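What follows is the content of target22.cif, which has mmCIF, C-alpha atoms:
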```cif
data_my_file
#
loop_
_atom_site.label_atom_id
_atom_site.label_comp_id
_atom_site.auth_asym_id
_atom_site.auth_seq_id
_atom_site.Cartn_x
_atom_site.Cartn_y
_atom_site.Cartn_z
CA MET V 1 -87.58 62.72 -12.08
CA ILE V 2 -84.92 64.46 -9.93
CA ASP V 3 -84.63 68.24 -10.16
CA THR V 4 -81.73 70.38 -8.91
CA PRO V 5 -82.48 73.86 -10.25
CA THR V 6 -80.14 75.65 -7.83
CA LEU V 7 -76.51 74.78 -7.16
CA VAL V 8 -73.91 76.14 -4.76
CA ASP V 9 -70.48 75.76 -6.36
CA GLN V 10 -68.53 75.27 -3.15
CA TYR V 11 -65.08 75.38 -4.74
CA CYS V 12 -64.03 77.04 -7.97
CA HIS V 13 -61.75 79.71 -9.44
CA GLY V 14 -62.36 82.68 -11.68
CA VAL V 15 -62.31 82.64 -15.47
CA LEU V 16 -59.78 84.21 -17.80
CA ARG V 17 -60.55 87.71 -19.02
CA THR V 18 -58.69 87.30 -22.33
CA GLU V 19 -59.51 85.68 -25.67
CA LEU V 20 -57.99 82.22 -26.05
CA GLY V 21 -56.42 80.37 -28.94
CA LEU V 22 -57.04 76.69 -29.49
CA GLY V 23 -53.77 75.62 -27.87
CA THR V 24 -54.30 77.62 -24.67
CA PHE V 25 -57.93 76.55 -24.45
CA GLU V 26 -57.18 72.85 -24.67
CA THR V 27 -54.33 73.13 -22.16
CA LEU V 28 -56.87 74.41 -19.63
CA LEU V 29 -58.99 71.30 -20.23
CA GLY V 30 -56.28 69.05 -18.78
CA ARG V 31 -55.01 68.60 -15.24
CA ALA V 32 -51.42 68.11 -16.38
CA GLU V 33 -48.75 70.76 -16.05
CA GLY V 34 -48.16 71.97 -19.58
CA PRO V 35 -49.50 71.08 -23.02
CA PRO V 36 -50.59 67.63 -24.22
CA ALA V 37 -48.06 65.23 -25.68
CA ALA V 38 -47.08 65.75 -29.30
CA GLY V 39 -49.74 64.46 -31.67
CA THR V 40 -52.43 64.36 -28.97
CA THR V 41 -55.05 66.75 -27.62
CA PHE V 42 -56.83 67.27 -24.30
CA PHE V 43 -60.07 67.42 -26.26
CA ASP V 44 -59.72 63.63 -26.45
CA THR V 45 -60.58 63.23 -22.77
CA GLN V 46 -63.85 62.80 -20.89
CA THR V 47 -63.72 66.51 -20.02
CA GLY V 48 -63.08 67.50 -23.63
CA PHE V 49 -65.97 65.42 -24.89
CA ALA V 50 -68.25 66.85 -22.20
CA VAL V 51 -67.34 70.40 -23.24
CA ARG V 52 -68.19 69.59 -26.85
CA ARG V 53 -71.50 68.02 -25.78
CA TRP V 54 -72.82 70.73 -23.47
CA CYS V 55 -71.26 74.05 -24.49
CA PRO V 56 -71.77 74.54 -28.26
CA PRO V 57 -75.60 74.79 -28.04
CA LEU V 58 -75.23 77.59 -25.51
CA LEU V 59 -73.37 79.60 -28.16
CA GLY V 60 -75.72 78.68 -31.02
CA LEU V 61 -73.91 75.63 -32.41
CA GLU V 62 -74.74 71.95 -32.64
CA PRO V 63 -73.47 69.56 -29.94
CA HIS V 64 -70.12 67.88 -30.60
CA CYS V 65 -69.08 70.43 -33.24
CA PRO V 66 -65.33 70.53 -34.04
CA PRO V 67 -63.20 72.41 -31.49
CA ALA V 68 -61.93 74.91 -34.06
CA ARG V 69 -65.48 75.86 -35.01
CA TYR V 70 -66.47 76.23 -31.38
CA LEU V 71 -63.49 78.52 -30.64
CA ALA V 72 -64.26 80.61 -33.71
CA ARG V 73 -67.83 81.15 -32.46
CA ARG V 74 -66.50 81.98 -29.01
CA ARG V 75 -64.23 84.68 -30.47
CA GLU V 76 -67.07 86.00 -32.62
CA LEU V 77 -69.23 86.57 -29.53
CA GLY V 78 -66.35 87.91 -27.47
CA VAL V 79 -65.01 86.75 -24.15
CA LEU V 80 -67.55 88.71 -22.07
CA GLU V 81 -70.67 87.64 -23.96
CA SER V 82 -69.66 84.01 -24.33
CA GLY V 83 -68.74 83.87 -20.65
CA ARG V 84 -72.06 85.42 -19.67
CA ARG V 85 -74.05 82.92 -21.76
CA LEU V 86 -72.10 79.97 -20.42
CA LEU V 87 -72.16 80.91 -16.74
CA ARG V 88 -75.84 81.84 -16.73
CA SER V 89 -76.77 78.44 -18.13
CA THR V 90 -75.35 76.54 -15.17
CA GLY V 91 -78.06 77.16 -12.58
CA ILE V 92 -75.33 78.02 -10.06
CA SER V 93 -76.76 80.54 -7.62
CA THR V 94 -73.66 80.96 -5.45
CA TYR V 95 -69.96 80.66 -6.26
CA LEU V 96 -67.33 80.15 -3.57
CA VAL V 97 -64.23 81.41 -5.36
CA GLU V 98 -60.69 80.53 -4.33
CA THR V 99 -58.53 83.52 -5.25
CA GLY V 100 -55.07 82.01 -4.76
CA LEU V 101 -54.18 81.11 -8.34
CA PRO V 102 -51.94 83.34 -10.48
CA GLY V 103 -53.08 84.73 -13.81
CA ASP V 104 -55.66 87.15 -15.16
CA LEU V 105 -58.67 85.49 -13.51
CA THR V 106 -61.91 87.15 -12.50
CA GLY V 107 -62.59 87.58 -8.80
CA PRO V 108 -65.81 86.88 -6.88
CA VAL V 109 -67.47 90.19 -7.81
CA GLU V 110 -66.88 89.71 -11.55
CA ILE V 111 -67.96 86.09 -11.70
CA ALA V 112 -71.10 86.94 -9.72
CA ALA V 113 -71.98 89.67 -12.23
CA ALA V 114 -71.28 87.47 -15.25
CA GLY V 115 -73.24 84.54 -13.82
CA ASP V 116 -76.09 86.59 -12.32
CA ALA V 117 -75.33 84.94 -9.00
CA GLN V 118 -73.82 85.54 -5.59
CA ALA V 119 -70.15 84.92 -4.85
CA HIS V 120 -67.91 84.71 -1.78
CA GLU V 121 -64.15 84.43 -1.37
CA ILE V 122 -62.11 81.44 -0.21
CA VAL V 123 -58.62 82.46 0.97
CA ARG V 124 -55.61 80.25 0.22
CA LEU V 125 -53.52 80.02 3.39
CA GLU V 126 -50.14 79.57 1.74
CA LEU V 127 -50.55 82.62 -0.49
CA LEU V 128 -51.64 84.67 2.51
CA ALA V 129 -48.50 83.59 4.39
CA GLU V 130 -46.28 84.42 1.42
CA GLN V 131 -47.79 87.89 1.14
CA VAL V 132 -47.23 88.46 4.86
CA ALA V 133 -43.63 87.27 4.61
CA ASP V 134 -42.96 89.75 1.79
CA THR V 135 -43.65 92.63 4.21
CA SER V 136 -42.31 91.16 7.47
CA GLY V 137 -38.60 91.60 8.09
CA THR V 138 -38.29 89.71 11.37
CA VAL V 139 -39.52 86.46 12.84
CA ASP V 140 -41.60 88.26 15.47
CA ALA V 141 -43.23 90.46 12.84
CA LEU V 142 -43.92 87.49 10.57
CA LEU V 143 -45.64 85.43 13.25
CA ALA V 144 -47.66 88.35 14.60
CA ASN V 145 -48.69 89.55 11.16
CA LEU V 146 -49.58 86.04 10.06
CA ALA V 147 -51.97 85.50 12.96
CA GLU V 148 -53.50 88.93 12.34
CA ALA V 149 -53.87 88.27 8.60
CA VAL V 150 -55.69 84.96 9.13
CA HIS V 151 -57.96 86.55 11.72
CA GLY V 152 -58.71 89.45 9.37
CA ALA V 153 -59.41 87.15 6.43
CA ALA V 154 -61.82 85.11 8.54
CA VAL V 155 -64.02 88.18 8.89
CA SER V 156 -64.80 88.43 5.17
CA ALA V 157 -63.98 85.05 3.64
CA VAL V 158 -66.33 82.07 3.97
CA ALA V 159 -63.50 79.52 4.20
CA PHE V 160 -59.79 78.86 4.04
CA THR V 161 -58.11 76.41 1.71
CA SER V 162 -54.70 74.77 1.94
CA VAL V 163 -52.41 73.13 -0.60
CA ALA V 164 -50.08 71.72 2.07
CA ALA V 165 -50.68 68.20 0.74
CA VAL V 166 -49.69 69.24 -2.77
CA ARG V 167 -46.53 71.00 -1.58
CA HIS V 168 -45.40 68.53 1.05
CA GLY V 169 -47.73 65.53 1.12
CA LEU V 170 -50.47 64.60 3.55
CA ALA V 171 -48.10 62.90 6.00
CA LEU V 172 -47.74 65.99 8.20
CA ALA V 173 -47.59 65.51 11.96
CA PRO V 174 -51.17 66.01 13.18
CA ALA V 175 -50.43 68.05 16.33
CA PRO V 176 -49.69 71.79 16.24
CA PRO V 177 -45.94 72.55 16.34
CA GLY V 178 -44.45 74.08 19.45
CA PRO V 179 -43.43 77.75 19.68
CA GLY V 180 -39.73 76.93 19.39
CA GLU V 181 -40.29 74.84 16.27
CA VAL V 182 -42.35 77.62 14.69
CA ARG V 183 -39.79 80.33 15.44
CA GLY V 184 -36.94 78.21 14.08
CA ALA V 185 -38.82 77.37 10.89
CA ALA V 186 -39.88 81.00 10.41
CA GLY V 187 -36.29 82.18 10.80
CA ARG V 188 -35.01 79.67 8.26
CA TRP V 189 -37.75 80.59 5.80
CA LEU V 190 -37.14 84.33 6.05
CA ALA V 191 -33.38 83.89 5.75
CA GLY V 192 -33.52 81.69 2.67
CA ARG V 193 -36.48 82.92 0.65
CA ARG V 194 -36.78 85.37 -2.18
CA VAL V 195 -39.73 87.78 -2.40
CA GLY V 196 -42.67 85.74 -3.62
CA GLY V 197 -41.02 82.44 -2.68
CA ALA V 198 -43.39 79.54 -2.03
CA LEU V 199 -44.02 78.18 1.46
CA THR V 200 -43.05 74.50 1.65
CA ASP V 201 -41.68 74.13 5.19
CA PRO V 202 -43.71 71.39 6.95
CA VAL V 203 -43.57 73.09 10.35
CA LEU V 204 -44.93 76.38 9.02
CA LEU V 205 -47.57 74.55 6.96
CA ARG V 206 -48.77 72.81 10.13
CA HIS V 207 -48.70 76.09 12.05
CA LEU V 208 -50.78 77.73 9.34
CA LEU V 209 -53.35 74.91 9.38
CA TRP V 210 -53.80 75.22 13.13
CA ILE V 211 -54.20 79.01 12.99
CA ALA V 212 -56.97 78.40 10.45
CA VAL V 213 -58.57 75.73 12.65
CA ALA V 214 -58.63 78.23 15.52
CA SER V 215 -60.54 80.72 13.33
CA GLY V 216 -63.60 78.47 13.18
CA ARG V 217 -64.00 78.92 9.44
CA PRO V 218 -64.31 75.75 7.32
CA LEU V 219 -60.92 74.51 6.15
CA GLN V 220 -60.66 72.97 2.69
CA LEU V 221 -57.77 70.55 2.21
CA HIS V 222 -56.45 69.69 -1.24
CA VAL V 223 -55.87 65.97 -1.13
CA GLY V 224 -53.78 65.89 -4.32
CA VAL V 225 -52.59 62.46 -5.42
CA ASP V 226 -52.24 61.06 -1.88
CA ASP V 227 -54.58 58.67 -0.13
CA PRO V 228 -56.96 60.80 2.02
CA MET V 229 -56.73 58.20 4.80
CA THR V 230 -53.36 59.79 5.61
CA LEU V 231 -55.40 62.69 7.02
CA ARG V 232 -57.07 60.48 9.59
CA ASP V 233 -54.80 61.60 12.47
CA PHE V 234 -55.29 65.29 11.64
CA ALA V 235 -59.03 64.75 11.45
CA ALA V 236 -58.96 63.06 14.85
CA ALA V 237 -56.86 65.88 16.33
CA THR V 238 -59.27 68.55 15.11
CA ALA V 239 -62.48 66.75 16.12
CA GLY V 240 -64.68 68.71 18.51
CA LEU V 241 -62.91 72.05 17.92
CA GLY V 242 -65.75 73.57 15.89
CA THR V 243 -64.00 73.72 12.50
CA ASP V 244 -65.24 71.63 9.58
CA LEU V 245 -62.76 70.02 7.19
CA VAL V 246 -63.68 69.68 3.50
CA LEU V 247 -61.60 67.25 1.42
CA LEU V 248 -61.02 68.54 -2.11
CA HIS V 249 -60.07 66.64 -5.26
CA GLY V 250 -60.09 63.16 -3.71
CA TYR V 251 -60.46 61.30 -7.03
CA PRO V 252 -59.26 58.60 -7.72
CA HIS V 253 -59.28 58.03 -3.95
CA HIS V 254 -62.91 59.13 -3.65
CA ARG V 255 -63.99 56.05 -1.70
CA GLN V 256 -61.37 56.72 1.00
CA ALA V 257 -62.45 60.36 1.23
CA ALA V 258 -66.07 59.22 1.51
CA HIS V 259 -65.11 56.80 4.28
CA LEU V 260 -63.53 59.59 6.34
CA THR V 261 -66.79 61.54 6.17
CA SER V 262 -68.56 58.58 7.74
CA VAL V 263 -66.05 58.37 10.61
CA PHE V 264 -65.66 62.01 11.65
CA PRO V 265 -68.63 64.36 12.19
CA HIS V 266 -66.67 67.42 11.02
CA VAL V 267 -65.25 65.95 7.79
CA TYR V 268 -66.95 66.55 4.42
CA ALA V 269 -66.07 65.53 0.86
CA ASP V 270 -66.18 67.55 -2.34
CA LEU V 271 -67.58 65.89 -5.47
CA GLY V 272 -65.86 68.11 -8.03
CA PRO V 273 -64.07 68.08 -10.31
CA ALA V 274 -64.08 64.27 -10.21
CA LEU V 275 -67.40 64.08 -12.04
CA ALA V 276 -66.34 66.54 -14.74
CA ARG V 277 -63.13 64.58 -15.25
CA THR V 278 -64.94 61.25 -15.57
CA GLY V 279 -67.67 62.57 -17.87
CA ALA V 280 -69.70 59.70 -19.26
CA ARG V 281 -68.60 57.53 -16.32
CA ALA V 282 -69.55 60.13 -13.68
CA ALA V 283 -72.64 58.24 -12.51
CA ALA V 284 -70.51 55.22 -11.59
CA VAL V 285 -68.05 57.36 -9.61
CA LEU V 286 -70.88 59.16 -7.83
CA ALA V 287 -72.59 55.87 -6.94
CA GLU V 288 -69.35 54.60 -5.38
CA THR V 289 -69.12 57.75 -3.24
CA LEU V 290 -72.75 57.41 -2.15
CA GLU V 291 -72.04 53.85 -0.98
CA LEU V 292 -69.89 55.18 1.87
CA ALA V 293 -70.58 58.83 2.66
CA PRO V 294 -73.55 60.07 4.69
CA PHE V 295 -75.61 62.13 2.28
CA GLY V 296 -75.31 65.25 4.42
CA LYS V 297 -71.53 65.16 4.04
CA LEU V 298 -71.18 65.57 0.25
CA LEU V 299 -70.85 68.93 -1.52
CA PHE V 300 -71.18 69.82 -5.19
CA SER V 301 -68.47 71.87 -6.86
CA SER V 302 -67.25 72.39 -10.38
CA GLY V 303 -63.61 72.84 -9.37
CA ALA V 304 -63.45 75.01 -12.50
CA ARG V 305 -60.59 77.34 -13.28
CA GLY V 306 -59.89 79.52 -16.27
CA LEU V 307 -62.72 78.42 -18.56
CA PRO V 308 -66.43 79.15 -18.01
CA GLU V 309 -66.96 75.93 -19.98
CA LEU V 310 -65.69 74.00 -16.97
CA HIS V 311 -68.39 75.54 -14.79
CA VAL V 312 -70.93 74.38 -17.38
CA VAL V 313 -69.53 70.87 -17.56
CA GLY V 314 -69.28 70.60 -13.78
CA ALA V 315 -72.93 71.55 -13.34
CA ARG V 316 -74.34 69.54 -16.26
CA VAL V 317 -72.40 66.34 -15.57
CA PHE V 318 -73.26 66.53 -11.85
CA ARG V 319 -76.97 66.93 -12.56
CA GLU V 320 -77.01 64.13 -15.10
CA ALA V 321 -75.02 61.73 -12.91
CA LEU V 322 -77.03 62.46 -9.77
CA GLY V 323 -80.34 62.20 -11.63
CA ARG V 324 -79.36 58.90 -13.21
CA VAL V 325 -78.17 57.28 -9.98
CA LEU V 326 -81.08 58.40 -7.82
CA ALA V 327 -83.70 57.68 -10.48
CA ASP V 328 -82.44 54.09 -10.75
CA TRP V 329 -82.81 53.64 -7.00
CA VAL V 330 -86.31 55.10 -7.08
CA CYS V 331 -87.35 52.93 -9.99
CA ASP V 332 -86.23 49.72 -8.31
CA GLY V 333 -88.05 50.66 -5.13
CA SER V 334 -84.96 51.18 -2.97
CA TRP V 335 -85.75 54.87 -2.40
CA SER V 336 -88.89 56.97 -2.42
CA ARG V 337 -89.03 59.84 -4.87
CA HIS V 338 -89.42 62.27 -1.96
CA ASP V 339 -86.21 61.05 -0.31
CA ALA V 340 -84.33 61.13 -3.60
CA GLN V 341 -85.31 64.74 -4.17
CA ARG V 342 -84.41 65.66 -0.60
CA VAL V 343 -80.93 64.13 -0.91
CA ALA V 344 -80.40 65.78 -4.29
CA ASP V 345 -81.21 69.18 -2.79
CA MET V 346 -78.80 68.54 0.08
CA ILE V 347 -75.86 67.66 -2.14
CA ALA V 348 -76.58 70.33 -4.74
CA ALA V 349 -76.84 73.26 -2.34
CA GLY V 350 -78.19 72.57 1.14
CA ASN V 351 -75.07 71.00 2.61
CA ALA V 352 -72.87 73.85 1.39
CA ARG V 353 -75.28 76.46 2.75
CA ARG V 354 -75.12 74.80 6.15
CA VAL V 355 -71.35 74.26 6.25
CA TYR V 356 -70.42 77.75 5.06
CA GLY V 357 -73.22 79.59 6.84
CA LEU V 358 -74.73 80.94 3.63
CA GLY V 359 -78.32 81.12 4.92
#
```
File written out as structure tokens:
Amino acid sequence: MIDTPTLVDQYCHGVLRTELGLGTFETLLGRAEGPPAAGTTFFDTQTGFAVRRWCPPLLGLEPHCPPARYLARRRELGVLESGRRLLRSTGISTYLVETGLPGDLTGPVEIAAAGDAQAHEIVRLELLAEQVADTSGTVDALLANLAEAVHGAAVSAVAFTSVAAVRHGLALAPAPPGPGEVRGAAGRWLAGRRVGGALTDPVLLRHLLWIAVASGRPLQLHVGVDDPMTLRDFAAATAGLGTDLVLLHGYPHHRQAAHLTSVFPHVYADLGPALARTGARAAAVLAETLELAPFGKLLFSSGARGLPELHVVGARVFREALGRVLADWVCDGSWSRHDAQRVADMIAAGNARRVYGLG
């Protein structure tokens, strides 16, 4: 009843270029740092079951085949061919690719070619700052180069993303730090860091966020495990400045993230990878989000990284969950079919095209 033939994946990463063994593959299915506990497997998760449901038929196997058989078929086809088949099955027309993760991951150009789609870059602020610090020997050079780097990235990238919440927590002071605070923090960071050292200083993280806000590009904020309501003061401080905020990875606090979208005109919420993680329960999670968020404030993404299978699962589970929820509301007379289709198109692609200026 509800059709979403075209998707804009508004937040994802590239896929690995190398062949994978069973252990590495299943590690990439989980969100934990490191392998599963002894005697267990990440295939025994909602994501693992969804991969086994949707991906084997795309490589010529029956649904729910054993993982070892699936990986053998994947190796038989080769990493390029299996990736091409998987990505081209998703119906994703545009990928917004965050390039800040380490590892041998494809960039926007490669994933666009493999998926027969378009792709644009999302720049991770903290990685950009770390790269600038590696080549800036003084505080003055660091601050000048950092502002220039963000400005330059805004010319080509469609958005910035920040992991400040993951590195420090969401309880950052909402106002921009003063010049003296910034200089002091920059001096301490340069004096104590090694080349490639991660940025964790709360003053510099705030400074970086406000430089990004000034660029006018959408700013994606990783919520992490914190309650998104902690961002309320920052959202209030940035209201009316012309920069949209997109809350990433709000699950299991998806209702709080949805609430913020209803309060602030410039705040949006990402649906992925919550739906891929909840699998067979995705429709229930999506319905809870739709209780609170204006429909023009929700954006599809796969949140995938490393495995093209996660792009497949993100797209398939989203379509199934959205179709099931909206069809139920149409069938009981709460919605018209026309409105259901219109909202589905908005969440699948239209909202992202508007927010990121994709045309």
**Q.** Nearest-residue call for V:Leu199, choices V:Ala212, V:Asp134, V:His259, V:Asp244, using only C-alpha atoms
**A.** V:Asp134
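Taken over the shown file, the PyMOL selection byres ((chain V and resi 10-18) around 7) identifies Val8, Asp9, Glu19, Leu20, Val79, Tyr95, Leu96, Val97, Glu98, Thr99, Asp104, Leu105, Thr106, Gly107, Ile111, Leu299, Phe300, Ser301, Ser302, Gly303, Ala304, Arg305, Gly306, Leu307, Pro308 and Ala352 of chain V.
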Can I get the selection written as a JSON list (two decimals), keeping the file's coordinate frame, with C-alpha atoms?
```json
[["chain", "number", "residue", "atom", "x", "y", "z"],
["V", 8, "VAL", "CA", -73.91, 76.14, -4.76],
["V", 9, "ASP", "CA", -70.48, 75.76, -6.36],
["V", 19, "GLU", "CA", -59.51, 85.68, -25.67],
["V", 20, "LEU", "CA", -57.99, 82.22, -26.05],
["V", 79, "VAL", "CA", -65.01, 86.75, -24.15],
["V", 95, "TYR", "CA", -69.96, 80.66, -6.26],
["V", 96, "LEU", "CA", -67.33, 80.15, -3.57],
["V", 97, "VAL", "CA", -64.23, 81.41, -5.36],
["V", 98, "GLU", "CA", -60.69, 80.53, -4.33],
["V", 99, "THR", "CA", -58.53, 83.52, -5.25],
["V", 104, "ASP", "CA", -55.66, 87.15, -15.16],
["V", 105, "LEU", "CA", -58.67, 85.49, -13.51],
["V", 106, "THR", "CA", -61.91, 87.15, -12.50],
["V", 107, "GLY", "CA", -62.59, 87.58, -8.80],
["V", 111, "ILE", "CA", -67.96, 86.09, -11.70],
["V", 299, "LEU", "CA", -70.85, 68.93, -1.52],
["V", 300, "PHE", "CA", -71.18, 69.82, -5.19],
["V", 301, "SER", "CA", -68.47, 71.87, -6.86],
["V", 302, "SER", "CA", -67.25, 72.39, -10.38],
["V", 303, "GLY", "CA", -63.61, 72.84, -9.37],
["V", 304, "ALA", "CA", -63.45, 75.01, -12.50],
["V", 305, "ARG", "CA", -60.59, 77.34, -13.28],
["V", 306, "GLY", "CA", -59.89, 79.52, -16.27],
["V", 307, "LEU", "CA", -62.72, 78.42, -18.56],
["V", 308, "PRO", "CA", -66.43, 79.15, -18.01],
["V", 352, "ALA", "CA", -72.87, 73.85, 1.39]]
```
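Here, the PyMOL selection byres ((chain V and resi 237) around 12) matches Ala173, Pro174, Ala175, Pro176, Leu209, Trp210, Val213, Leu231, Arg232, Asp233, Phe234, Ala235, Ala236, Thr238, Ala239, Gly240, Leu241, Gly242, Thr243, Leu245, Phe264, His266 and Val267 of chain V.
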As AutoDock Vina command-line options, please report the centre and edge lengths, rounded to one decimal in Å, of the axis-aligned box that holds all listed atoms of stretch 246-251 of chain V with 4 Å of padding on each of the six sides.
```
--center_x -61.9 --center_y 65.5 --center_z -1.8 --size_x 11.6 --size_y 16.4 --size_z 18.5
```
Would you list the contacts of V:Ala340 as a PDB file with C-alpha atoms, keeping the file's coordinate frame, taking every protein, DNA or RNA residue within 9 Å and counting only C-alpha atoms, but skipping same-chain residues closer than 4 positions in sequence?
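selection05.pdb written:
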```pdb
ATOM      1  CA  ILE V   2     -84.920  64.460  -9.930  1.00  0.00           C
ATOM      2  CA  LEU V 326     -81.080  58.400  -7.820  1.00  0.00           C
ATOM      3  CA  ALA V 327     -83.700  57.680 -10.480  1.00  0.00           C
ATOM      4  CA  TRP V 329     -82.810  53.640  -7.000  1.00  0.00           C
ATOM      5  CA  VAL V 330     -86.310  55.100  -7.080  1.00  0.00           C
ATOM      6  CA  TRP V 335     -85.750  54.870  -2.400  1.00  0.00           C
ATOM      7  CA  SER V 336     -88.890  56.970  -2.420  1.00  0.00           C
ATOM      8  CA  ALA V 344     -80.400  65.780  -4.290  1.00  0.00           C
ATOM      9  CA  ASP V 345     -81.210  69.180  -2.790  1.00  0.00           C
TER      10      ASP V 345
END
```
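Between atom CA of V:Ala112 and atom CA of V:Ala214 there is a distance of 29.5 Å.
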Q) Do you know which residues the PyMOL selection byres ((chain V and resi 276) around 8) returns on this file, as a PyMOL selection string? A) chain V and resi 46-47+50+272-275+277-279+282+302+310+313-314+317-318
Q: Work out how far apart atom CA of V:Glu309 and atom CA of V:Glu291 are and give it in Å to one decimal.
A: 29.6 Å
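Taking all atoms listed in the file into account, V:Phe295 lies nearest to V:Leu271 out of the set V:Val203, V:Leu128, V:Leu271, V:Met229.
Interatomic distance, atom CA of V:Ser93 to atom CA of V:Pro108: 12.7 Å.
Closest approach to V:Ala185 among V:Ser156, V:Thr161, V:Thr200, V:Thr289: V:Thr200, based on only C-alpha atoms.
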(Q) I'd like the neighbourhood of V:Arg84 as a ChimeraX atom specification, where a residue qualifies if any of its atoms comes within 12 Å (using all atoms listed in the file), though same-chain residues fewer than 3 positions away should be ignored. (A) /V:15,17,58-59,74,77-81,87-90,110-117,307-309,311-312
Any chance you could export the current selection's C-alpha atoms as a compact mmCIF listing (two decimals), in the frame of the given file?
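Contents of result.txt, freshly written:
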```txt
# COMPACT_ATOMS: atom_id res chain seq x y z
CA VAL V 15 -62.31 82.64 -15.47
CA ARG V 17 -60.55 87.71 -19.02
CA LEU V 58 -75.23 77.59 -25.51
CA LEU V 59 -73.37 79.60 -28.16
CA ARG V 74 -66.50 81.98 -29.01
CA LEU V 77 -69.23 86.57 -29.53
CA GLY V 78 -66.35 87.91 -27.47
CA VAL V 79 -65.01 86.75 -24.15
CA LEU V 80 -67.55 88.71 -22.07
CA GLU V 81 -70.67 87.64 -23.96
CA LEU V 87 -72.16 80.91 -16.74
CA ARG V 88 -75.84 81.84 -16.73
CA SER V 89 -76.77 78.44 -18.13
CA THR V 90 -75.35 76.54 -15.17
CA GLU V 110 -66.88 89.71 -11.55
CA ILE V 111 -67.96 86.09 -11.70
CA ALA V 112 -71.10 86.94 -9.72
CA ALA V 113 -71.98 89.67 -12.23
CA ALA V 114 -71.28 87.47 -15.25
CA GLY V 115 -73.24 84.54 -13.82
CA ASP V 116 -76.09 86.59 -12.32
CA ALA V 117 -75.33 84.94 -9.00
CA LEU V 307 -62.72 78.42 -18.56
CA PRO V 308 -66.43 79.15 -18.01
CA GLU V 309 -66.96 75.93 -19.98
CA HIS V 311 -68.39 75.54 -14.79
CA VAL V 312 -70.93 74.38 -17.38
```
Q) What lies within 10 Å of V:Gln220 using all atoms listed in the file, ignoring chain neighbours under 4 positions off, as a PyMOL selection string? A) chain V and resi 11+122-124+159-163+244-248+267-270
Q: Compare V:Ala129, V:Gly357, V:Val155, V:Val263 by their minimum atom-to-atom distance to V:Leu204, counting all atoms listed in the file, and give me the closest one.
A: V:Ala129
